[in-house]
Amino acid sequence: MKKKIAIFASGSGSNAENIIRYFQESTSISVIMVATNKADAYVLERAKNLNVPTYYFPKAEWTTAENIVGLLHDLQIDWVVLAGFLLHIPQSLIEAFPQRIINIHPSLLPKFGGKGMYGGHVHEAVVAAGEQESGITIHYVNEHYDEGTVIFQATCPVYPTDTPETVAEKVHALEYRHFPAVIEQLLTENP
Ligand code: GRF
């Protein structure tokens, strides 16, 4: 039986696409759905182009997540992967998938995490603080933003000449290189 992944994403979805493509030929893992809270998120186009079913739930539905948990159970989802998903994950969802929800954050947590620290804001803060390195953190999701147990980190240098945009490029490269492989390892180690 293949392990079934659901991806949640709110934006462009370049990580979602990268993960879907990575597992397209896998005999043990499959991305079987993409869910979003944004009706016009570009991730929906990407998923449709790759023949992955998409689901849109407006923000209000994510507060109790009753319908979402029901759908995930109906689809026999094993793991939930957040790839640029911007809403808070409710307790009911965390309880339905204990230690089975992971997120990627574009900084070296605990630095530059928490509310408001998403997308470009993270890289702007990194540059403003004069950091000498940044990177990615893949972690379990708990009820607090960006505070679950860290699974994996990778770093990149930040030079005085870097801008938030160039840091974003380096961090995205790390995400594409590592996120699918870390997911694969995690799912393989946790039967
Ligand atoms: C990524 O930088 C990820 O780390 C963060 O949101 C961004 C999503 O980018 N959580 P994309 O939608 O995958 O292009």
# chains A, B, ... in the order shown; residues from 1 in each chain; ligands from 1
>>> closest_atom_pairs(of="chain A", to="ligand 1", cutoff="8 Å", atoms="only C-alpha atoms and all ligand atoms", output="JSON lines")
{"residue": "A:Ala9", "atom": "CA", "partner": "ligand 1", "partner_atom_place_in_ligand_line": "12 (O)", "distance": 6.7}
{"residue": "A:Ser10", "atom": "CA", "partner": "ligand 1", "partner_atom_place_in_ligand_line": "12 (O)", "distance": 6.9}
{"residue": "A:Gly11", "atom": "CA", "partner": "ligand 1", "partner_atom_place_in_ligand_line": "12 (O)", "distance": 4.6}
{"residue": "A:Ser12", "atom": "CA", "partner": "ligand 1", "partner_atom_place_in_ligand_line": "12 (O)", "distance": 3.9}
{"residue": "A:Gly13", "atom": "CA", "partner": "ligand 1", "partner_atom_place_in_ligand_line": "12 (O)", "distance": 3.4}
{"residue": "A:Ser14", "atom": "CA", "partner": "ligand 1", "partner_atom_place_in_ligand_line": "14 (O)", "distance": 3.7}
{"residue": "A:Asn15", "atom": "CA", "partner": "ligand 1", "partner_atom_place_in_ligand_line": "13 (O)", "distance": 3.6}
{"residue": "A:Ala16", "atom": "CA", "partner": "ligand 1", "partner_atom_place_in_ligand_line": "13 (O)", "distance": 5.7}
{"residue": "A:Glu17", "atom": "CA", "partner": "ligand 1", "partner_atom_place_in_ligand_line": "13 (O)", "distance": 7.7}
{"residue": "A:Val43", "atom": "CA", "partner": "ligand 1", "partner_atom_place_in_ligand_line": "12 (O)", "distance": 7.1}
{"residue": "A:Leu82", "atom": "CA", "partner": "ligand 1", "partner_atom_place_in_ligand_line": "10 (N)", "distance": 7.4}
{"residue": "A:Ala83", "atom": "CA", "partner": "ligand 1", "partner_atom_place_in_ligand_line": "10 (N)", "distance": 5.4}
{"residue": "A:Gly84", "atom": "CA", "partner": "ligand 1", "partner_atom_place_in_ligand_line": "6 (O)", "distance": 3.4}
{"residue": "A:Phe85", "atom": "CA", "partner": "ligand 1", "partner_atom_place_in_ligand_line": "10 (N)", "distance": 6.4}
{"residue": "A:Leu86", "atom": "CA", "partner": "ligand 1", "partner_atom_place_in_ligand_line": "10 (N)", "distance": 7.7}
{"residue": "A:Asn103", "atom": "CA", "partner": "ligand 1", "partner_atom_place_in_ligand_line": "10 (N)", "distance": 7.0}
{"residue": "A:Ile104", "atom": "CA", "partner": "ligand 1", "partner_atom_place_in_ligand_line": "4 (O)", "distance": 4.9}
{"residue": "A:His105", "atom": "CA", "partner": "ligand 1", "partner_atom_place_in_ligand_line": "4 (O)", "distance": 4.2}
{"residue": "A:Pro106", "atom": "CA", "partner": "ligand 1", "partner_atom_place_in_ligand_line": "4 (O)", "distance": 4.1}
{"residue": "A:Ser107", "atom": "CA", "partner": "ligand 1", "partner_atom_place_in_ligand_line": "4 (O)", "distance": 7.8}
{"residue": "A:Tyr118", "atom": "CA", "partner": "ligand 1", "partner_atom_place_in_ligand_line": "5 (C)", "distance": 6.4}
{"residue": "A:Gly119", "atom": "CA", "partner": "ligand 1", "partner_atom_place_in_ligand_line": "6 (O)", "distance": 5.4}
{"residue": "A:Ile136", "atom": "CA", "partner": "ligand 1", "partner_atom_place_in_ligand_line": "4 (O)", "distance": 6.9}
{"residue": "A:Ala168", "atom": "CA", "partner": "ligand 1", "partner_atom_place_in_ligand_line": "2 (O)", "distance": 7.4}
{"residue": "A:Val171", "atom": "CA", "partner": "ligand 1", "partner_atom_place_in_ligand_line": "2 (O)", "distance": 7.1}
{"residue": "A:His172", "atom": "CA", "partner": "ligand 1", "partner_atom_place_in_ligand_line": "2 (O)", "distance": 6.0}
{"residue": "A:Glu175", "atom": "CA", "partner": "ligand 1", "partner_atom_place_in_ligand_line": "4 (O)", "distance": 6.8}
>>> select_by_dssp(residues="range 42-156 of chain A", states="helix (DSSP H, G or I)", output="JSON, numbers by chain")
{"A": [42, 43, 44, 45, 46, 47, 48, 49, 61, 62, 63, 64, 66, 67, 68, 69, 70, 71, 72, 73, 74, 91, 92, 93, 94, 95, 96, 120, 121, 122, 123, 124, 125, 126, 127, 128]}
>>> write_last_selection(atoms="N, CA, C and O atoms", output="CSV table (one decimal), in the first residue's frame")
chain,number,residue,atom,x,y,z
A,42,TYR,N,-2.1,29.9,-7.0
A,42,TYR,CA,-1.6,29.3,-8.2
A,42,TYR,C,-1.3,27.8,-8.1
A,42,TYR,O,-1.2,27.1,-9.0
A,43,VAL,N,-1.1,27.4,-6.8
A,43,VAL,CA,-0.9,26.0,-6.5
A,43,VAL,C,-2.0,25.1,-7.2
A,43,VAL,O,-1.7,24.0,-7.6
A,44,LEU,N,-3.2,25.7,-7.3
A,44,LEU,CA,-4.3,24.9,-7.9
A,44,LEU,C,-4.0,24.6,-9.3
A,44,LEU,O,-4.3,23.5,-9.8
A,45,GLU,N,-3.5,25.6,-10.1
A,45,GLU,CA,-3.1,25.3,-11.5
A,45,GLU,C,-2.0,24.3,-11.6
A,45,GLU,O,-2.1,23.3,-12.4
A,46,ARG,N,-1.1,24.4,-10.7
A,46,ARG,CA,0.1,23.5,-10.8
A,46,ARG,C,-0.4,22.1,-10.5
A,46,ARG,O,0.0,21.1,-11.2
A,47,ALA,N,-1.2,21.9,-9.5
A,47,ALA,CA,-1.7,20.5,-9.2
A,47,ALA,C,-2.6,20.0,-10.3
A,47,ALA,O,-2.4,18.8,-10.7
A,48,LYS,N,-3.5,20.8,-10.9
A,48,LYS,CA,-4.3,20.3,-12.0
A,48,LYS,C,-3.5,19.9,-13.1
A,48,LYS,O,-3.8,18.9,-13.8
A,49,ASN,N,-2.5,20.6,-13.5
A,49,ASN,CA,-1.6,20.3,-14.6
A,49,ASN,C,-0.9,18.9,-14.4
A,49,ASN,O,-0.5,18.3,-15.3
A,61,GLU,N,-13.8,27.4,7.3
A,61,GLU,CA,-13.8,25.9,7.4
A,61,GLU,C,-12.6,25.4,8.1
A,61,GLU,O,-12.5,24.3,8.5
A,62,TRP,N,-11.5,26.2,8.1
A,62,TRP,CA,-10.3,25.8,8.7
A,62,TRP,C,-10.3,26.0,10.2
A,62,TRP,O,-9.3,25.6,10.9
A,63,THR,N,-11.3,26.7,10.8
A,63,THR,CA,-11.3,27.0,12.2
A,63,THR,C,-11.6,25.7,13.0
A,63,THR,O,-11.0,25.4,14.0
A,64,THR,N,-12.6,25.0,12.6
A,64,THR,CA,-12.9,23.7,13.2
A,64,THR,C,-12.3,22.5,12.4
A,64,THR,O,-12.0,21.5,13.0
A,66,GLU,N,-13.7,20.4,10.7
A,66,GLU,CA,-14.4,19.2,10.7
A,66,GLU,C,-14.5,18.5,9.3
A,66,GLU,O,-14.2,17.3,9.2
A,67,ASN,N,-14.9,19.3,8.3
A,67,ASN,CA,-15.1,18.7,7.0
A,67,ASN,C,-13.7,18.3,6.4
A,67,ASN,O,-13.6,17.4,5.6
A,68,ILE,N,-12.7,19.1,6.7
A,68,ILE,CA,-11.4,18.8,6.2
A,68,ILE,C,-10.9,17.5,6.8
A,68,ILE,O,-10.4,16.6,6.0
A,69,VAL,N,-11.0,17.3,8.1
A,69,VAL,CA,-10.6,16.0,8.7
A,69,VAL,C,-11.4,14.9,8.1
A,69,VAL,O,-10.8,13.8,7.8
A,70,GLY,N,-12.7,15.1,7.9
A,70,GLY,CA,-13.5,14.0,7.3
A,70,GLY,C,-13.0,13.7,5.9
A,70,GLY,O,-12.9,12.5,5.6
A,71,LEU,N,-12.7,14.7,5.1
A,71,LEU,CA,-12.2,14.4,3.8
A,71,LEU,C,-10.8,13.6,3.8
A,71,LEU,O,-10.6,12.7,3.1
A,72,LEU,N,-9.9,14.1,4.7
A,72,LEU,CA,-8.6,13.4,4.8
A,72,LEU,C,-8.8,11.9,5.2
A,72,LEU,O,-8.1,11.1,4.7
A,73,HIS,N,-9.7,11.7,6.1
A,73,HIS,CA,-10.0,10.3,6.5
A,73,HIS,C,-10.6,9.5,5.4
A,73,HIS,O,-10.2,8.4,5.1
A,74,ASP,N,-11.6,10.1,4.7
A,74,ASP,CA,-12.2,9.4,3.5
A,74,ASP,C,-11.2,9.0,2.5
A,74,ASP,O,-11.2,8.0,1.8
A,91,GLN,N,-6.5,22.5,16.4
A,91,GLN,CA,-6.2,21.3,17.3
A,91,GLN,C,-6.8,20.0,16.7
A,91,GLN,O,-6.2,19.0,16.8
A,92,SER,N,-8.0,20.1,16.2
A,92,SER,CA,-8.7,18.9,15.7
A,92,SER,C,-7.9,18.2,14.7
A,92,SER,O,-7.8,16.9,14.6
A,93,LEU,N,-7.3,19.0,13.8
A,93,LEU,CA,-6.5,18.4,12.7
A,93,LEU,C,-5.2,17.8,13.3
A,93,LEU,O,-4.7,16.7,12.9
A,94,ILE,N,-4.6,18.5,14.3
A,94,ILE,CA,-3.4,18.0,14.9
A,94,ILE,C,-3.7,16.6,15.6
A,94,ILE,O,-2.9,15.7,15.5
A,95,GLU,N,-4.8,16.6,16.3
A,95,GLU,CA,-5.2,15.4,17.0
A,95,GLU,C,-5.5,14.2,16.0
A,95,GLU,O,-5.3,13.1,16.3
A,96,ALA,N,-6.0,14.6,14.9
A,96,ALA,CA,-6.4,13.5,13.9
A,96,ALA,C,-5.1,12.9,13.2
A,96,ALA,O,-5.1,11.8,12.8
A,120,GLY,N,8.3,36.8,2.1
A,120,GLY,CA,9.4,37.8,2.0
A,120,GLY,C,9.7,38.5,3.3
A,120,GLY,O,10.8,38.9,3.5
A,121,HIS,N,8.7,38.5,4.3
A,121,HIS,CA,9.0,39.1,5.6
A,121,HIS,C,10.2,38.4,6.3
A,121,HIS,O,10.9,39.1,7.0
A,122,VAL,N,10.3,37.1,6.1
A,122,VAL,CA,11.3,36.4,6.8
A,122,VAL,C,12.7,36.8,6.2
A,122,VAL,O,13.6,37.2,7.0
A,123,HIS,N,12.8,36.9,4.9
A,123,HIS,CA,14.1,37.2,4.3
A,123,HIS,C,14.5,38.7,4.6
A,123,HIS,O,15.6,39.0,4.7
A,124,GLU,N,13.5,39.6,4.6
A,124,GLU,CA,13.7,41.0,4.9
A,124,GLU,C,14.3,41.1,6.4
A,124,GLU,O,15.2,41.8,6.6
A,125,ALA,N,13.7,40.3,7.3
A,125,ALA,CA,14.1,40.4,8.7
A,125,ALA,C,15.5,39.8,8.8
A,125,ALA,O,16.4,40.4,9.6
A,126,VAL,N,15.8,38.8,8.1
A,126,VAL,CA,17.2,38.2,8.1
A,126,VAL,C,18.2,39.2,7.6
A,126,VAL,O,19.3,39.4,8.3
A,127,VAL,N,18.0,39.9,6.5
A,127,VAL,CA,18.9,40.8,6.0
A,127,VAL,C,19.0,42.0,6.9
A,127,VAL,O,20.1,42.5,7.3
A,128,ALA,N,17.9,42.5,7.5
A,128,ALA,CA,17.9,43.7,8.4
A,128,ALA,C,18.7,43.4,9.6
A,128,ALA,O,19.3,44.3,10.2
>>> closest_residue(among="A:Ser28, A:Ile20, A:Asn37, A:His88", to="Val52 in chain A", atoms="only C-alpha atoms")
A:Ile20
>>> residues_around(residues="Phe23 in chain A", least_positions_apart="5", cutoff="10 Å", atoms="only C-alpha atoms", output="count of residues only")
9
>>> closest_residue(among="A:Leu109, A:Met1, A:Val141, A:Ala41", to="Asp78 in chain A", atoms="only C-alpha atoms")
A:Met1
>>> residues_around(residues="Gln153 in chain A", least_positions_apart="5", cutoff="7 Å", atoms="only C-alpha atoms", output="number ranges by chain")
A: 108, 136-138
>>> closest_residue(among="A:Met33, A:Leu174, A:Ile89, A:Ile102", to="Pro157 in chain A", atoms="only C-alpha atoms")
A:Leu174
